[in-house]
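Enquirer: Okay, handing you the structure first.
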Amino acid sequence: MDIVFLEEIKLDIVIGIYEWERKVSQTIRIDIEIGLPHSRAGKSDDIADTIDYGVVMERIRQTVGEKHFSLVEALAEHIAELIRGEFGAPWVKVSVAKLGMLRGVKRLGIVIERGERPSA
């Protein structure tokens with residue numbers, strides 16, 4: 001399986017369950033691996049034969065700006081559903097982390113995988 005990845009995406013969003021978290025933006029880090037439905041792009045050199053990561057980023061920025069999430073789990077699930085539903089990815093791995101949230105903890109978050117990862 002061919003995988004497109006986007007690493008260390010940093011966004012400032014309002015996320016959290018506590019009142020103080022909903023008052024100020026926090027920096028989150030997102031890492032995404034997207035399984036491609038086929039491997040034609042390597043031979044065709046045509047963007048139509050792959051998932052356009054620029055459009056994926058556009059949609060993530062748009063949707064994160066429109067919707068409030070209390071949990072990093074819900075944000076990760078939303079991103080996974082968006083990528084699988086809108087872009088036809090058979091498999092996706094999404095990591096969402098809050099940065100510097102707790103003293104002594106560099107980042108905390110969740111990693112999820114959705115869909116089936118076909119064998120090579």
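Chain labels follow the order of the structure tokens: the first chain is A, the next B, and so on; residue numbering restarts at 1 in every chain, and ligands are counted from 1 in their shown order.
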Could you pull out the alpha helix (DSSP H) residues of chain A from DSSP and send them as a PyMOL selection string?
Expert: chain A and resi 41-44+53-66+72-87
Enquirer: Using DSSP on the backbone, list every residue of stretch 2-92 of chain A that comes out as strand (DSSP E), and give them as an NGL selection string.
Expert: :A and (3-13 or 26-35 or 91-92)
Enquirer: Which of these, A:Ile110, A:Ile9, A:Ala80, A:Met101, has the shortest distance to A:Ser25 once you count only C-alpha atoms?
Expert: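 Result for the nearest residue to A:Ser25: A:Met101.
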Enquirer: Please determine, counting only C-alpha atoms, which residue among A:Val96, A:Asp52, A:Ile79, A:Ile47 has the shortest atom-to-atom distance to A:Lys10.
Expert: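 Answer, going by the shortest atom-to-atom distance: A:Val96.
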Enquirer: Tell me which protein, DNA and RNA residues are within 9 Å of A:Glu73, counting only C-alpha atoms, leaving out same-chain ones fewer than 3 positions away, and put them as an MDAnalysis selection string.
Expert: chainID A and resid 69:70 76:78 96 109:112
Enquirer: What is the distance, in Å and to one decimal place, between atom CA of A:Gly85 and atom CA of A:Val56?
Expert: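 A separation of 11.5 Å between them.
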Enquirer: I'd like to know which of A:Leu99, A:Val94, A:Arg40, A:Asp45 is closest to A:Asp2, using only C-alpha atoms.
Expert: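 Distance minimum relative to A:Asp2 lands on A:Arg40.
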Enquirer: From the set A:Glu81, A:Arg107, A:Leu6, A:Ser95, which residue has the shortest atom-to-atom contact distance to A:Met57, counting only C-alpha atoms?
Expert: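 Closest to A:Met57 of all the choices is A:Leu6.
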Enquirer: Contacts of A:His38 at 9 Å or less, counting only C-alpha atoms, minus same-chain residues fewer than 3 places along, as a list in words?
Expert: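 Counting only C-alpha atoms, the residues come to Met1, Asp2, Gly35, Ala41, Asp49 and Thr50 of chain A.
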Enquirer: Since we have the selection now, will you write its residues out, keeping C-alpha atoms, as a PDB file, in the first residue's frame?
Expert:
```
ATOM      1  CA  MET A   1       0.000   0.000   0.000  1.00  0.00           C
ATOM      2  CA  ASP A   2       1.197   3.494  -0.823  1.00  0.00           C
ATOM      3  CA  GLY A  35      -3.461   4.838   2.656  1.00  0.00           C
ATOM      4  CA  ALA A  41       0.198   7.926  -9.276  1.00  0.00           C
ATOM      5  CA  ASP A  49      -4.416   9.345  -9.374  1.00  0.00           C
ATOM      6  CA  THR A  50      -3.668  10.181  -5.749  1.00  0.00           C
TER       7      THR A  50
END
```
Enquirer: Show me, as an mmCIF file with N, CA and C atoms, in the first residue's frame, the residues that have an atom within 10 Å of A:Val64 when counting only C-alpha atoms, minus same-chain residues fewer than 2 positions from it.
Expert:
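That gives us around07.cif:
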```
data_model
loop_
_atom_site.group_PDB
_atom_site.id
_atom_site.type_symbol
_atom_site.label_atom_id
_atom_site.label_comp_id
_atom_site.auth_asym_id
_atom_site.auth_seq_id
_atom_site.Cartn_x
_atom_site.Cartn_y
_atom_site.Cartn_z
ATOM 1 N N LEU A 11 -1.772 23.493 14.676
ATOM 2 C CA LEU A 11 -2.926 24.374 14.592
ATOM 3 C C LEU A 11 -3.226 24.922 15.982
ATOM 4 N N ASP A 12 -3.678 26.145 16.035
ATOM 5 C CA ASP A 12 -4.127 26.729 17.283
ATOM 6 C C ASP A 12 -5.642 26.696 17.296
ATOM 7 N N ILE A 13 -6.199 25.911 18.218
ATOM 8 C CA ILE A 13 -7.652 25.764 18.296
ATOM 9 C C ILE A 13 -8.097 25.785 19.747
ATOM 10 N N VAL A 14 -9.384 25.999 19.934
ATOM 11 C CA VAL A 14 -9.996 25.874 21.253
ATOM 12 C C VAL A 14 -10.472 24.435 21.366
ATOM 13 N N ILE A 15 -9.918 23.708 22.336
ATOM 14 C CA ILE A 15 -10.276 22.311 22.537
ATOM 15 C C ILE A 15 -10.138 21.996 24.014
ATOM 16 N N ARG A 59 -9.299 21.181 3.919
ATOM 17 C CA ARG A 59 -10.517 20.683 4.554
ATOM 18 C C ARG A 59 -10.342 20.554 6.070
ATOM 19 N N ILE A 60 -9.185 20.108 6.509
ATOM 20 C CA ILE A 60 -8.959 19.990 7.948
ATOM 21 C C ILE A 60 -9.000 21.367 8.594
ATOM 22 N N ARG A 61 -8.305 22.317 8.016
ATOM 23 C CA ARG A 61 -8.322 23.685 8.575
ATOM 24 C C ARG A 61 -9.737 24.242 8.606
ATOM 25 N N GLN A 62 -10.476 24.036 7.527
ATOM 26 C CA GLN A 62 -11.844 24.545 7.446
ATOM 27 C C GLN A 62 -12.729 23.926 8.527
ATOM 28 N N GLU A 66 -14.629 25.411 12.111
ATOM 29 C CA GLU A 66 -16.089 25.489 12.185
ATOM 30 C C GLU A 66 -16.691 24.730 13.358
ATOM 31 N N LYS A 67 -15.987 23.774 13.892
ATOM 32 C CA LYS A 67 -16.553 22.855 14.880
ATOM 33 C C LYS A 67 -15.729 22.866 16.153
ATOM 34 N N HIS A 68 -16.391 22.787 17.296
ATOM 35 C CA HIS A 68 -15.688 22.707 18.581
ATOM 36 C C HIS A 68 -15.560 21.242 18.999
ATOM 37 N N PHE A 69 -14.407 20.904 19.501
ATOM 38 C CA PHE A 69 -14.158 19.556 20.016
ATOM 39 C C PHE A 69 -13.769 19.664 21.483
ATOM 40 N N LEU A 75 -11.671 14.833 17.912
ATOM 41 C CA LEU A 75 -11.023 15.510 16.792
ATOM 42 C C LEU A 75 -10.349 14.501 15.869
ATOM 43 N N HIS A 78 -12.962 12.664 13.877
ATOM 44 C CA HIS A 78 -13.516 13.549 12.846
ATOM 45 C C HIS A 78 -12.587 13.632 11.630
ATOM 46 N N ILE A 79 -11.303 13.801 11.880
ATOM 47 C CA ILE A 79 -10.329 13.882 10.787
ATOM 48 C C ILE A 79 -10.285 12.564 10.014
#
```
Enquirer: How many Å lie between atom CA of A:Val92 and atom CA of A:Gly42, rounded to one decimal?
Expert: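 Going from atom CA of A:Val92 over to atom CA of A:Gly42, I get 19.5 Å.
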Enquirer: Using only C-alpha atoms, can you tell me which of A:Ile17, A:Leu71, A:Tyr53, A:Ile3 comes closest to A:Ser39?
Expert: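 Residue with the minimum atom-to-atom distance to A:Ser39: A:Ile3.
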Enquirer: Nearest residue to A:Val72 out of A:Arg114, A:Lys43, A:Arg84, A:Arg29, using only C-alpha atoms?
Expert: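 Smallest distance to A:Val72 is found for A:Arg29.
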Enquirer: Take atom CA of A:Gly115 and atom CA of A:Ala97 and report the distance between them in Å, one decimal.
Expert: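 Spanning atom CA of A:Gly115 to atom CA of A:Ala97 is a straight-line distance of 21.2 Å.
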